[in-house]
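Trainee: I am sharing start-v8.txt, which consists of compact mmCIF, C-alpha atoms:
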```
# COMPACT_ATOMS: atom_id res chain seq x y z
CA MET A 1 12.16 33.38 -151.53
CA SER A 2 13.91 36.05 -149.62
CA LEU A 3 13.41 36.84 -145.99
CA LYS A 4 12.10 40.22 -147.11
CA TYR A 5 8.70 38.99 -148.22
CA GLY A 6 8.37 36.72 -145.21
CA VAL A 7 8.78 39.76 -142.99
CA LEU A 8 6.29 41.79 -145.06
CA GLY A 9 3.79 38.95 -144.86
CA LEU A 10 4.06 38.72 -141.09
CA LEU A 11 3.68 42.49 -140.67
CA LYS A 12 0.47 42.38 -142.69
CA GLY A 13 -1.20 40.79 -139.68
CA GLU A 14 -0.12 43.31 -137.06
CA PRO A 15 2.80 45.56 -136.13
CA LEU A 16 5.69 43.58 -134.66
CA HIS A 17 9.13 44.28 -133.25
CA GLY A 18 12.29 42.50 -134.33
CA TYR A 19 12.20 39.55 -131.95
CA GLU A 20 8.53 38.92 -132.63
CA VAL A 21 9.27 38.83 -136.35
CA LYS A 22 12.09 36.34 -135.80
CA ASN A 23 10.04 34.05 -133.54
CA ARG A 24 6.96 34.08 -135.72
CA PHE A 25 8.95 33.55 -138.87
CA GLU A 26 10.74 30.51 -137.44
CA ALA A 27 7.51 29.13 -136.00
CA MET A 28 5.75 29.54 -139.33
CA LEU A 29 8.51 27.57 -141.06
CA GLY A 30 8.32 24.85 -138.42
CA GLY A 31 11.99 25.17 -137.57
CA THR A 32 13.15 24.54 -141.13
CA TRP A 33 14.57 28.03 -141.54
CA GLU A 34 16.48 29.60 -138.70
CA VAL A 35 17.40 33.25 -138.87
CA ASN A 36 19.54 35.32 -136.55
CA ILE A 37 18.19 38.52 -135.11
CA GLY A 38 20.84 40.53 -136.99
CA GLN A 39 19.37 39.41 -140.32
CA ILE A 40 15.94 40.47 -139.15
CA TYR A 41 17.11 43.94 -138.16
CA THR A 42 19.05 44.38 -141.42
CA THR A 43 15.98 43.32 -143.38
CA LEU A 44 13.70 45.65 -141.44
CA GLN A 45 16.11 48.57 -141.98
CA ARG A 46 16.24 47.93 -145.73
CA LEU A 47 12.47 47.64 -145.91
CA GLU A 48 12.18 50.92 -144.03
CA ARG A 49 14.70 52.57 -146.38
CA ASP A 50 12.68 51.35 -149.40
CA GLY A 51 9.42 52.62 -147.89
CA PHE A 52 7.81 49.19 -147.42
CA VAL A 53 7.57 49.33 -143.63
CA ARG A 54 7.62 52.16 -141.11
CA PRO A 55 8.39 52.30 -137.44
CA LEU A 56 5.57 52.79 -134.99
CA GLY A 57 6.31 55.11 -132.12
CA PRO A 58 9.53 56.88 -131.24
CA ARG A 59 12.98 55.50 -131.94
CA GLY A 60 15.32 54.76 -129.09
CA ASP A 61 15.10 51.38 -127.52
CA ARG A 62 15.71 49.53 -130.80
CA GLY A 63 14.77 46.12 -129.51
CA LYS A 64 11.26 47.29 -128.78
CA LEU A 65 10.72 49.30 -131.92
CA GLN A 66 7.61 48.05 -133.71
CA TYR A 67 7.16 48.16 -137.46
CA GLU A 68 4.03 48.22 -139.57
CA LEU A 69 3.42 47.51 -143.24
CA SER A 70 3.14 50.62 -145.47
CA PRO A 71 0.78 50.84 -148.50
CA ASN A 72 3.81 50.39 -150.76
CA GLY A 73 4.84 47.36 -148.76
CA GLN A 74 1.34 45.96 -149.13
CA LYS A 75 1.56 46.45 -152.90
CA ALA A 76 4.96 44.76 -153.10
CA LEU A 77 3.72 41.84 -151.03
CA ASP A 78 0.58 41.36 -153.17
CA GLN A 79 2.67 41.46 -156.33
CA TRP A 80 5.12 38.90 -154.99
CA LEU A 81 2.33 36.57 -153.81
CA ALA A 82 0.74 36.64 -157.27
CA GLU A 83 3.99 35.84 -159.10
CA PRO A 84 4.91 32.23 -159.85
CA ASP A 85 8.38 31.02 -158.97
CA SER A 86 10.44 31.23 -162.10
CA GLY A 87 14.00 31.54 -163.22
CA PRO A 88 16.55 28.75 -163.48
CA GLN A 89 16.14 25.55 -161.52
CA GLN A 90 18.27 25.72 -158.42
CA LEU A 91 20.40 22.60 -158.23
CA HIS A 92 22.86 22.68 -155.44
CA GLU A 93 24.02 19.14 -155.26
CA ASP A 94 27.72 18.56 -155.14
CA ILE A 95 27.05 15.08 -156.39
CA TYR A 96 26.83 16.24 -160.01
CA VAL A 97 30.20 17.97 -159.91
CA LYS A 98 31.66 14.95 -158.15
CA LEU A 99 30.37 12.75 -160.98
CA LEU A 100 31.80 15.02 -163.64
CA LEU A 101 35.18 14.90 -161.98
CA ALA A 102 35.04 11.21 -161.14
CA THR A 103 34.44 10.32 -164.81
CA ARG A 104 37.70 12.06 -165.63
CA ILE A 105 39.74 10.46 -162.91
CA ALA A 106 40.99 6.91 -163.11
CA ASN A 107 39.76 4.95 -160.10
CA GLY A 108 37.09 7.53 -159.60
CA ASP A 109 34.89 4.68 -158.32
CA LEU A 110 31.75 6.04 -159.90
CA HIS A 111 29.52 3.22 -158.88
CA GLY A 112 30.70 3.40 -155.30
CA LEU A 113 30.02 7.11 -155.35
CA LEU A 114 26.49 6.56 -156.69
CA ALA A 115 25.76 3.77 -154.22
CA ARG A 116 26.84 5.88 -151.26
CA GLN A 117 24.80 8.81 -152.50
CA LYS A 118 21.78 6.57 -152.98
CA ARG A 119 22.11 5.35 -149.43
CA ALA A 120 22.25 8.93 -148.18
CA TYR A 121 19.03 9.71 -150.06
CA LEU A 122 17.32 6.65 -148.59
CA GLN A 123 18.32 7.81 -145.13
CA ARG A 124 16.95 11.25 -145.97
CA LEU A 125 13.65 9.70 -147.03
CA ARG A 126 13.54 7.85 -143.74
CA ASP A 127 14.20 11.05 -141.78
CA LEU A 128 11.61 12.96 -143.80
CA ASN A 129 9.00 10.27 -143.24
CA ARG A 130 9.56 10.43 -139.52
CA LEU A 131 9.36 14.21 -139.58
CA GLU A 132 6.09 14.08 -141.54
CA GLU A 133 4.66 11.58 -139.09
CA ARG A 134 5.56 13.83 -136.14
CA ALA A 135 4.27 16.94 -137.86
CA ARG A 136 0.91 15.27 -138.54
CA ARG A 137 0.68 13.96 -135.01
CA ASP A 138 1.32 17.48 -133.73
CA GLY A 139 -1.30 18.97 -136.00
CA ARG A 140 1.29 20.81 -138.10
CA VAL A 141 -0.37 20.15 -141.44
CA ASP A 142 1.59 23.03 -143.01
CA LEU A 143 4.92 21.48 -142.05
CA ALA A 144 3.71 18.07 -143.25
CA ARG A 145 3.04 19.63 -146.67
CA LEU A 146 6.58 20.96 -146.85
CA VAL A 147 7.94 17.54 -145.88
CA ARG A 148 5.82 15.98 -148.60
CA GLY A 149 7.47 18.26 -151.17
CA ALA A 150 10.88 17.33 -149.81
CA LEU A 151 10.01 13.61 -150.03
CA LEU A 152 9.07 13.97 -153.69
CA HIS A 153 12.26 15.88 -154.45
CA THR A 154 14.37 13.27 -152.72
CA GLU A 155 12.56 10.52 -154.59
CA ALA A 156 13.54 12.26 -157.83
CA ASP A 157 17.14 12.48 -156.66
CA LEU A 158 17.09 8.77 -155.92
CA LYS A 159 15.67 7.96 -159.36
CA TRP A 160 18.39 10.05 -160.90
CA MET A 161 21.04 8.01 -159.07
CA ASP A 162 19.33 4.83 -160.31
CA GLU A 163 19.42 6.05 -163.89
CA LEU A 164 23.06 7.00 -163.58
CA SER A 165 23.88 3.63 -161.99
CA SER A 166 22.61 1.82 -165.06
CA GLU A 167 24.70 3.97 -167.42
CA ARG A 168 28.14 3.31 -168.75
CA PHE A 169 30.54 6.08 -167.98
CA GLY A 170 33.81 7.10 -169.50
CA GLU A 171 33.11 7.07 -173.25
CA GLU A 172 31.63 10.52 -173.39
CA GLY A 173 34.16 12.13 -171.10
CA ALA A 174 36.83 12.82 -173.72
CA LYS A 175 34.51 14.73 -176.06
CA THR A 176 33.93 17.48 -173.56
CA GLU A 177 37.59 18.01 -172.71
CA MET B 1 13.57 30.20 -129.15
CA ASP B 2 15.57 28.23 -131.68
CA GLY B 3 14.11 25.67 -134.08
CA ARG B 4 14.78 22.82 -131.71
CA THR B 5 13.01 24.47 -128.80
CA PHE B 6 10.13 25.34 -131.04
CA PHE B 7 9.86 21.80 -132.28
CA ARG B 8 9.74 20.46 -128.76
CA ALA B 9 7.06 23.00 -128.04
CA PHE B 10 4.86 22.25 -131.01
CA ARG B 11 4.96 18.54 -130.62
CA GLY B 12 3.70 19.20 -127.16
CA GLY B 13 6.03 16.97 -125.24
CA GLY B 14 8.92 17.40 -122.91
CA GLY B 15 11.78 14.98 -122.91
CA LYS B 16 9.90 12.08 -121.37
CA ASN B 17 6.87 11.51 -123.51
CA GLY B 18 6.92 12.10 -127.23
CA MET B 19 8.89 10.07 -129.67
CA ASN B 20 11.04 7.94 -127.44
CA SER B 21 8.26 5.57 -126.55
CA VAL B 22 6.91 5.19 -130.09
CA GLY B 23 7.86 2.20 -132.21
CA PRO B 24 9.07 -1.24 -131.36
CA ASN B 25 11.90 -1.65 -128.94
CA VAL B 26 13.94 -3.53 -131.49
CA ALA B 27 17.05 -3.59 -129.37
CA ALA B 28 15.20 -5.51 -126.70
CA LEU B 29 14.27 -8.31 -129.10
CA ALA B 30 16.75 -11.08 -129.44
CA ARG B 31 18.31 -11.08 -132.88
CA THR B 32 17.06 -14.28 -134.41
CA GLU B 33 17.77 -15.21 -137.97
CA LEU B 34 14.60 -16.08 -139.84
CA VAL B 35 15.53 -16.23 -143.51
CA ARG B 36 18.82 -17.23 -145.10
CA LEU B 37 19.61 -17.17 -148.80
CA THR B 38 22.94 -18.77 -149.68
CA ASP B 39 24.47 -18.30 -153.15
CA VAL B 40 21.06 -18.44 -154.73
CA THR B 41 20.79 -18.47 -158.50
CA LYS B 42 17.65 -18.72 -160.56
CA VAL B 43 17.81 -19.23 -164.29
CA TYR B 44 14.68 -18.89 -166.40
CA GLN B 45 14.47 -20.58 -169.74
CA GLY B 46 14.27 -18.28 -172.70
CA GLY B 47 15.38 -15.10 -171.02
CA ILE B 48 17.24 -13.44 -168.22
CA THR B 49 14.37 -11.31 -166.86
CA GLY B 50 13.98 -11.84 -163.15
CA ALA B 51 16.97 -14.16 -162.95
CA LEU B 52 19.09 -14.26 -159.82
CA ASN B 53 22.83 -14.44 -160.05
CA GLY B 54 24.37 -15.40 -156.72
CA VAL B 55 22.33 -13.85 -153.93
CA SER B 56 23.16 -14.27 -150.25
CA ALA B 57 21.30 -12.51 -147.48
CA THR B 58 19.81 -13.05 -144.06
CA ILE B 59 16.66 -11.54 -142.60
CA GLU B 60 16.11 -11.36 -138.87
CA LYS B 61 12.91 -11.93 -136.98
CA GLY B 62 11.01 -8.71 -136.46
CA GLU B 63 12.69 -6.84 -139.30
CA PHE B 64 10.84 -4.78 -141.88
CA THR B 65 12.96 -5.06 -144.99
CA ALA B 66 12.29 -3.50 -148.36
CA ILE B 67 13.64 -4.98 -151.58
CA MET B 68 14.00 -2.39 -154.30
CA GLY B 69 15.24 -2.44 -157.84
CA PRO B 70 14.20 -1.91 -161.45
CA SER B 71 11.68 -4.14 -163.22
CA GLY B 72 13.20 -7.48 -164.11
CA SER B 73 16.03 -7.11 -161.57
CA GLY B 74 14.99 -10.26 -159.73
CA LYS B 75 13.35 -8.77 -156.64
CA SER B 76 10.06 -10.59 -157.07
CA THR B 77 11.97 -13.78 -157.81
CA MET B 78 13.68 -13.41 -154.42
CA LEU B 79 10.32 -13.06 -152.74
CA ASN B 80 8.87 -16.08 -154.54
CA LEU B 81 11.83 -18.22 -153.50
CA VAL B 82 11.48 -17.20 -149.86
CA ALA B 83 7.76 -17.95 -150.09
CA GLY B 84 8.46 -21.43 -151.39
CA LEU B 85 6.46 -20.61 -154.53
CA ASP B 86 9.49 -21.36 -156.65
CA ARG B 87 12.75 -23.26 -156.29
CA PRO B 88 16.25 -21.92 -156.92
CA THR B 89 18.39 -23.31 -159.75
CA SER B 90 21.25 -23.55 -157.29
CA GLY B 91 22.00 -22.44 -153.76
CA SER B 92 19.72 -22.76 -150.79
CA VAL B 93 16.84 -20.94 -149.12
CA SER B 94 15.96 -21.59 -145.52
CA VAL B 95 13.18 -20.09 -143.43
CA GLY B 96 13.00 -20.58 -139.69
CA GLY B 97 15.78 -23.16 -139.91
CA THR B 98 13.97 -25.24 -142.52
CA ASP B 99 15.88 -25.80 -145.76
CA LEU B 100 13.13 -25.41 -148.34
CA GLY B 101 15.14 -27.46 -150.83
CA LYS B 102 14.64 -30.51 -148.62
CA LEU B 103 10.85 -30.25 -148.79
CA GLY B 104 8.79 -32.06 -151.42
CA GLU B 105 5.82 -30.43 -153.11
CA ALA B 106 3.42 -31.37 -150.32
CA GLY B 107 5.88 -30.25 -147.68
CA LEU B 108 6.37 -26.96 -149.47
CA ALA B 109 2.61 -26.41 -149.67
CA ARG B 110 2.34 -27.07 -145.94
CA PHE B 111 5.24 -24.68 -145.28
CA ARG B 112 3.53 -21.92 -147.27
CA ARG B 113 0.22 -22.48 -145.54
CA ASP B 114 1.65 -22.49 -142.02
CA HIS B 115 4.44 -19.92 -142.24
CA ILE B 116 3.93 -17.54 -145.14
CA GLY B 117 1.44 -14.78 -145.68
CA PHE B 118 1.55 -13.33 -149.19
CA VAL B 119 0.10 -10.03 -150.38
CA PHE B 120 0.05 -9.32 -154.12
CA GLN B 121 -0.22 -6.18 -156.18
CA PHE B 122 -3.56 -7.18 -157.68
CA PHE B 123 -5.09 -8.70 -154.52
CA TYR B 124 -6.12 -12.03 -156.15
CA LEU B 125 -9.32 -12.45 -154.19
CA LEU B 126 -11.72 -15.15 -155.35
CA PRO B 127 -14.63 -13.27 -156.95
CA ASN B 128 -17.35 -15.75 -156.02
CA LEU B 129 -16.54 -15.67 -152.29
CA THR B 130 -17.33 -12.88 -149.83
CA ALA B 131 -14.56 -10.90 -148.15
CA LEU B 132 -14.88 -12.99 -144.98
CA GLU B 133 -14.86 -16.25 -146.94
CA ASN B 134 -11.73 -15.15 -148.80
CA VAL B 135 -10.01 -14.43 -145.49
CA LEU B 136 -10.94 -17.89 -144.22
CA ILE B 137 -9.49 -19.89 -147.15
CA PRO B 138 -6.00 -20.48 -145.72
CA ALA B 139 -7.48 -21.50 -142.34
CA GLN B 140 -9.82 -23.97 -144.00
CA LEU B 141 -6.90 -25.46 -145.93
CA LYS B 142 -5.35 -26.03 -142.53
CA GLY B 143 -8.53 -27.67 -141.31
CA SER B 144 -9.23 -25.10 -138.66
CA SER B 145 -12.22 -22.87 -138.20
CA ALA B 146 -11.01 -19.38 -137.58
CA THR B 147 -14.18 -17.34 -137.97
CA GLU B 148 -13.52 -15.45 -134.77
CA ARG B 149 -9.97 -14.56 -135.74
CA ALA B 150 -11.16 -13.57 -139.23
CA SER B 151 -13.69 -11.17 -137.73
CA GLU B 152 -11.03 -9.75 -135.43
CA LEU B 153 -8.71 -9.21 -138.37
CA LEU B 154 -11.40 -7.49 -140.43
CA ASP B 155 -12.06 -5.27 -137.44
CA GLN B 156 -8.38 -4.55 -136.90
CA LEU B 157 -7.94 -3.67 -140.57
CA GLY B 158 -10.96 -1.38 -140.55
CA ILE B 159 -13.17 -3.43 -142.88
CA LYS B 160 -15.48 -5.34 -140.53
CA ASP B 161 -18.53 -3.78 -142.17
CA VAL B 162 -17.78 -5.26 -145.58
CA GLY B 163 -17.19 -8.89 -144.55
CA ASP B 164 -20.26 -10.14 -146.41
CA ARG B 165 -19.53 -8.24 -149.63
CA TYR B 166 -18.10 -9.76 -152.77
CA PRO B 167 -14.77 -8.39 -154.06
CA ALA B 168 -16.43 -6.65 -157.01
CA ARG B 169 -18.26 -4.45 -154.52
CA LEU B 170 -15.09 -3.42 -152.67
CA SER B 171 -12.73 -0.54 -153.44
CA GLY B 172 -9.09 -1.32 -154.27
CA GLY B 173 -8.00 -0.34 -150.78
CA GLN B 174 -10.65 -2.56 -149.19
CA GLN B 175 -9.70 -5.49 -151.42
CA GLN B 176 -6.05 -5.12 -150.39
CA ARG B 177 -7.08 -5.08 -146.72
CA VAL B 178 -9.04 -8.27 -147.26
CA ALA B 179 -5.96 -9.76 -148.92
CA ILE B 180 -3.83 -8.71 -145.93
CA ALA B 181 -6.33 -10.29 -143.53
CA ARG B 182 -6.18 -13.47 -145.61
CA ALA B 183 -2.38 -13.38 -145.43
CA LEU B 184 -2.52 -13.04 -141.64
CA ILE B 185 -5.22 -15.56 -140.80
CA ASN B 186 -2.79 -18.41 -140.03
CA ASN B 187 -0.44 -16.18 -138.01
CA PRO B 188 2.41 -16.42 -140.53
CA THR B 189 6.03 -16.32 -139.43
CA LEU B 190 6.75 -14.10 -142.38
CA LEU B 191 4.57 -11.63 -144.28
CA LEU B 192 5.67 -11.12 -147.88
CA ALA B 193 4.27 -8.27 -149.93
CA ASP B 194 4.94 -7.79 -153.64
CA GLU B 195 4.11 -4.22 -154.68
CA PRO B 196 1.09 -4.13 -152.33
CA THR B 197 0.47 -0.45 -153.09
CA GLY B 198 1.21 -0.67 -156.82
CA ALA B 199 -2.44 -0.77 -157.88
CA LEU B 200 -3.67 1.80 -155.37
CA ASP B 201 -3.89 5.58 -155.47
CA THR B 202 -1.43 7.58 -153.36
CA HIS B 203 -3.68 8.06 -150.35
CA THR B 204 -4.94 4.47 -150.22
CA GLY B 205 -1.39 3.23 -150.75
CA GLU B 206 -0.28 5.25 -147.74
CA GLN B 207 -3.05 3.73 -145.63
CA VAL B 208 -2.08 0.20 -146.64
CA MET B 209 1.57 0.96 -145.87
CA GLU B 210 0.53 2.38 -142.49
CA LEU B 211 -1.27 -0.90 -141.79
CA LEU B 212 1.87 -2.86 -142.60
CA GLY B 213 3.76 -0.54 -140.26
CA GLN B 214 1.32 -1.30 -137.44
CA LEU B 215 1.68 -5.03 -138.03
CA HIS B 216 5.44 -4.60 -137.88
CA ARG B 217 5.23 -2.66 -134.63
CA ASP B 218 3.21 -5.56 -133.27
CA GLY B 219 6.12 -7.85 -134.07
CA GLN B 220 5.39 -9.10 -137.60
CA THR B 221 8.43 -9.80 -139.78
CA ILE B 222 7.80 -8.24 -143.18
CA LEU B 223 9.59 -8.45 -146.51
CA LEU B 224 8.32 -5.89 -148.99
CA VAL B 225 9.04 -5.54 -152.69
CA THR B 226 8.28 -2.06 -153.96
CA HIS B 227 9.18 0.65 -156.47
CA ASP B 228 8.17 3.38 -154.07
CA ALA B 229 11.09 4.46 -151.92
CA LYS B 230 9.02 7.12 -150.19
CA LEU B 231 6.56 4.55 -148.93
CA ALA B 232 9.15 1.88 -148.25
CA THR B 233 11.21 4.06 -145.94
CA ARG B 234 8.18 4.88 -143.80
CA ASN B 235 8.49 1.46 -142.26
CA ALA B 236 11.56 -0.30 -143.54
CA ALA B 237 14.76 0.35 -141.64
CA ARG B 238 16.60 -1.83 -144.13
CA VAL B 239 16.64 -1.56 -147.91
CA LEU B 240 18.13 -4.23 -150.15
CA SER B 241 18.86 -2.90 -153.63
CA VAL B 242 18.73 -5.51 -156.35
CA MET B 243 20.11 -5.02 -159.83
CA ASP B 244 20.74 -7.55 -162.59
CA GLY B 245 20.01 -10.43 -160.25
CA LYS B 246 22.38 -9.31 -157.52
CA ILE B 247 22.10 -7.49 -154.23
CA VAL B 248 24.12 -4.35 -154.90
CA ASP B 249 23.48 -2.63 -151.59
CA ASP B 250 22.21 -3.49 -148.13
CA ALA B 251 21.34 -0.19 -146.48
CA ARG B 252 20.47 -0.16 -142.81
CA LEU B 253 18.79 3.10 -142.06
CA GLU B 254 18.89 4.95 -138.79
CA SER B 255 15.86 6.29 -137.01
CA PRO B 256 17.10 9.00 -134.69
CA GLU B 257 14.93 11.86 -133.57
CA ARG B 258 16.02 14.84 -135.58
CA ALA B 259 15.00 18.48 -135.33
CA PRO B 260 13.24 19.80 -138.45
CA SER B 261 16.23 21.95 -139.39
CA GLU B 262 18.44 18.85 -139.44
CA VAL B 263 16.14 17.29 -142.02
CA ILE B 264 14.88 20.20 -144.13
CA ARG B 265 16.37 23.59 -144.67
CA VAL B 266 14.21 26.06 -146.59
CA ARG B 267 16.72 28.23 -148.35
CA GLY B 268 16.21 31.88 -148.94
CA GLU B 269 18.13 34.32 -151.02
CA GLU B 270 19.31 37.00 -148.67
CA ALA B 271 18.23 40.48 -149.58
CA SER B 272 21.50 41.89 -150.80
CA ARG B 273 20.50 45.38 -151.70
```
Any chance you could put this one into structure tokens?
Mentor:
Amino acid sequence: MSLKYGVLGLLKGEPLHGYEVKNRFEAMLGGTWEVNIGQIYTTLQRLERDGFVRPLGPRGDRGKLQYELSPNGQKALDQWLAEPDSGPQQLHEDIYVKLLLATRIANGDLHGLLARQKRAYLQRLRDLNRLEERARRDGRVDLARLVRGALLHTEADLKWMDELSSERFGEEGAKTE
Amino acid sequence: MDGRTFFRAFRGGGGKNGMNSVGPNVAALARTELVRLTDVTKVYQGGITGALNGVSATIEKGEFTAIMGPSGSGKSTMLNLVAGLDRPTSGSVSVGGTDLGKLGEAGLARFRRDHIGFVFQFFYLLPNLTALENVLIPAQLKGSSATERASELLDQLGIKDVGDRYPARLSGGQQQRVAIARALINNPTLLLADEPTGALDTHTGEQVMELLGQLHRDGQTILLVTHDAKLATRNAARVLSVMDGKIVDDARLESPERAPSEVIRVRGEEASR
């Protein structure tokens, strides 16, 4: 998701100025997405250029300038909310590229690599569990849901490492050279 | 307000209260070895499934340790050896300083009764006894009446209202709680759990794991065999990975207080146009 729709969604509630958008956005995401105020202003300017938001009141003191959602912005937001996430799966783990390279390098220590990665995922599960526990205790059910998703993803990563650990590497490497 | 400040705000605590006081003060407990496996092998006739091939490990008092690994890797075998339910082919197992190999069958039975609580995947309650009567079995084997403690345990585990019901009239989660109460009735030195959430739905499994976590915070040493890494890492700060009859990793996990952004980062594509 881009910041753009987050900003549109927040402005649907009421007109806000830049700092309010930043604070509410970060609060909504429970601290899992930090943005700098420059990004917020850039996003607001682009949304204004595209006719999705418009400033309320006179320009001048930029920090205090409030924006509201325009009818076009409302339409764009509704459309985005109704669309499923699609497109290619975003994998951004270095571990796969490391594995590819390690299979081609003598002494690549594949199993050591997998074991260390597995351990890192276990630690991540531990951290996520503690975060979920805290979120629930603090009544942040929304954040707990996000953590739950992250737990399931990390579990999948861990299973992947387990599968790889039980494989024999090396034989297939030459064919792809 | 950055993410960290926000997090402090929404969890409603300053520096003093909040997370620091939660959980056992493990550092304050003396590190006492409770279980020691030395070069343990276990060979099964007619197959290698579940065999152990040279396992050495120690477990300290007060630890919550998870044993993980694929089916047939030997993790349940490890648990059964520690429980004194089975004997190693070679090597030694000692619990609380007692070498289990030196005990005869009667001695081993006494050891299990006095020191081991065992929780199974499929509960194994006796169908013709009520929940309360099931809980009391190990105490009766010991020759002690523990009705009061049994009632306390049922209360503590949130099932005091179903004490007079037969297992067939209990849900899976309730049956597992009864089984946990039964495992605890003799105040075991060591609580062993073999896939205790394996037959339960997600939510009930979480509740049972939360119960084990509470017991651990109250000082119970727990050794857990599980497939579920998500659940295991709720409580276990140590994960032994078993594969092909060997311990391939001994991961000690940290439990620092981390800000949400240090644990999860929701990524956005920046608007580029």
Trainee: For chain A versus chain B, which residues have an atom no more than 6 Å away, and what is each residue's nearest atom pair and distance in Å rounded to one decimal, using only C-alpha atoms, chain-then-number order, as JSON lines?
Mentor:
```
{"residue": "A:Met1", "atom": "CA", "partner": "B:Gly268", "partner_atom": "CA", "distance": 5.0}
{"residue": "A:Ser2", "atom": "CA", "partner": "B:Glu269", "partner_atom": "CA", "distance": 4.8}
{"residue": "A:Gly31", "atom": "CA", "partner": "B:Gly3", "partner_atom": "CA", "distance": 4.1}
{"residue": "A:Thr32", "atom": "CA", "partner": "B:Ser261", "partner_atom": "CA", "distance": 4.4}
{"residue": "A:Trp33", "atom": "CA", "partner": "B:Val266", "partner_atom": "CA", "distance": 5.4}
{"residue": "A:Gln123", "atom": "CA", "partner": "B:Leu253", "partner_atom": "CA", "distance": 5.6}
{"residue": "A:Arg126", "atom": "CA", "partner": "B:Thr233", "partner_atom": "CA", "distance": 5.0}
{"residue": "A:Asn129", "atom": "CA", "partner": "B:Arg234", "partner_atom": "CA", "distance": 5.5}
{"residue": "A:Asp138", "atom": "CA", "partner": "B:Arg11", "partner_atom": "CA", "distance": 4.9}
```
Trainee: Using all atoms listed in the file, find the one residue out of A:Leu8, A:Tyr41, A:Glu14, A:Gly112 that sits nearest to Gly73 in chain A.
Mentor: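 Looking only at the distances to Gly73 in chain A, the closest residue turns out to be A:Leu8.
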Trainee: State, in Å with one decimal place, the distance from CA of Asp157 in chain A to CA of Gln207 in chain B.
Mentor: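 Going from CA of Asp157 in chain A over to CA of Gln207 in chain B, I get 24.6 Å.
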Trainee: Calculated over only C-alpha atoms, which of the candidates A:Val147, A:Leu113, A:Val21, A:Ala76 has the smallest distance to Arg130 in chain A?
Mentor: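 Of A:Val147, A:Leu113, A:Val21, A:Ala76, the one nearest Arg130 in chain A, counting only C-alpha atoms, is A:Val147.
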Trainee: Can you list every residue of range 199-273 of chain B that has an atom at most 12 Å from range 173-177 of chain B, with its nearest atom pair and the distance in Å to one decimal, using all atoms listed in the file, ordered by chain then number, as a Markdown table?
Mentor:
```
| residue | atom | partner | partner_atom | distance |
| --- | --- | --- | --- | --- |
| B:Ala199 | CA | B:Gly173 | CA | 9.0 |
| B:Leu200 | CA | B:Gly173 | CA | 6.7 |
| B:Asp201 | CA | B:Gly173 | CA | 8.6 |
| B:Thr202 | CA | B:Gly173 | CA | 10.6 |
| B:His203 | CA | B:Gly173 | CA | 9.5 |
| B:Thr204 | CA | B:Gly173 | CA | 5.7 |
| B:Gly205 | CA | B:Gly173 | CA | 7.5 |
| B:Glu206 | CA | B:Gly173 | CA | 10.0 |
| B:Gln207 | CA | B:Gly173 | CA | 8.2 |
| B:Val208 | CA | B:Gly173 | CA | 7.2 |
| B:Met209 | CA | B:Arg177 | CA | 10.6 |
| B:Glu210 | CA | B:Arg177 | CA | 11.5 |
| B:Leu211 | CA | B:Arg177 | CA | 8.7 |
| B:Leu212 | CA | B:Arg177 | CA | 10.1 |
```
Trainee: Give me, please, the distance in Å between CA of Val178 in chain B and CA of Ser151 in chain B, quoted to one decimal.
Mentor: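 According to the coordinates, CA of Val178 in chain B and CA of Ser151 in chain B are separated by 11.0 Å.
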Trainee: Rounded to one decimal place, report the CA of Pro15 in chain A-CA of Gln66 in chain A distance in Å.
Mentor: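 Between CA of Pro15 in chain A and CA of Gln66 in chain A the gap is 5.9 Å.
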Trainee: For Leu99 in chain A, find every residue with an atom within 10 Å (counting all atoms listed in the file), except residues of its own chain fewer than 4 positions away, and show them as a ChimeraX atom specification.
Mentor: /A:94-95,103-105,108-111,113-114,164,169
Trainee: Can you pull out the residues contacting Met28 in chain A? Cut-off 10 Å, using all atoms listed in the file, and skip same-chain residues under 5 positions away; I want them as a ChimeraX atom specification.
Mentor: /A:6,10,22-23,33,140,142-143
Trainee: What's around Val225 in chain B at 8 Å? Count all atoms listed in the file, leave out sequence neighbours fewer than 6 positions away in its own chain, and write the answer as a short mmCIF file (atom, residue, chain, number, x, y, z; two decimals) with C-alpha atoms, in the coordinates of the input.
Mentor:
```cif
data_model
loop_
_atom_site.label_atom_id
_atom_site.label_comp_id
_atom_site.auth_asym_id
_atom_site.auth_seq_id
_atom_site.Cartn_x
_atom_site.Cartn_y
_atom_site.Cartn_z
CA ALA B 66 12.29 -3.50 -148.36
CA ILE B 67 13.64 -4.98 -151.58
CA MET B 68 14.00 -2.39 -154.30
CA LYS B 75 13.35 -8.77 -156.64
CA SER B 76 10.06 -10.59 -157.07
CA LEU B 79 10.32 -13.06 -152.74
CA ALA B 193 4.27 -8.27 -149.93
CA ASP B 194 4.94 -7.79 -153.64
CA GLU B 195 4.11 -4.22 -154.68
#
```
Trainee: Please provide as a list of chain:residue names all residues within 8 Å of range 113-118 of chain B, with the sequence filter that same-chain residues fewer than 3 positions apart are discarded (counting all atoms listed in the file).
Mentor: B:Ala83, B:Ala109, B:Arg110, B:Pro138, B:Leu141, B:Lys142, B:Ile180, B:Arg182, B:Ala183, B:Leu184, B:Asn186, B:Asn187, B:Pro188, B:Thr189, B:Leu190, B:Leu191, B:Leu192, B:Ala193, B:Asp194
Trainee: With 5 Å on each side, where is the centre of the axis-aligned box around all listed atoms of range 84-89 of chain B, and how long are its edges in Å to one decimal, as AutoDock Vina command-line options?
Mentor:
```
--center_x 12.4 --center_y -22.0 --center_z -155.6 --size_x 21.9 --size_y 12.7 --size_z 18.4
```
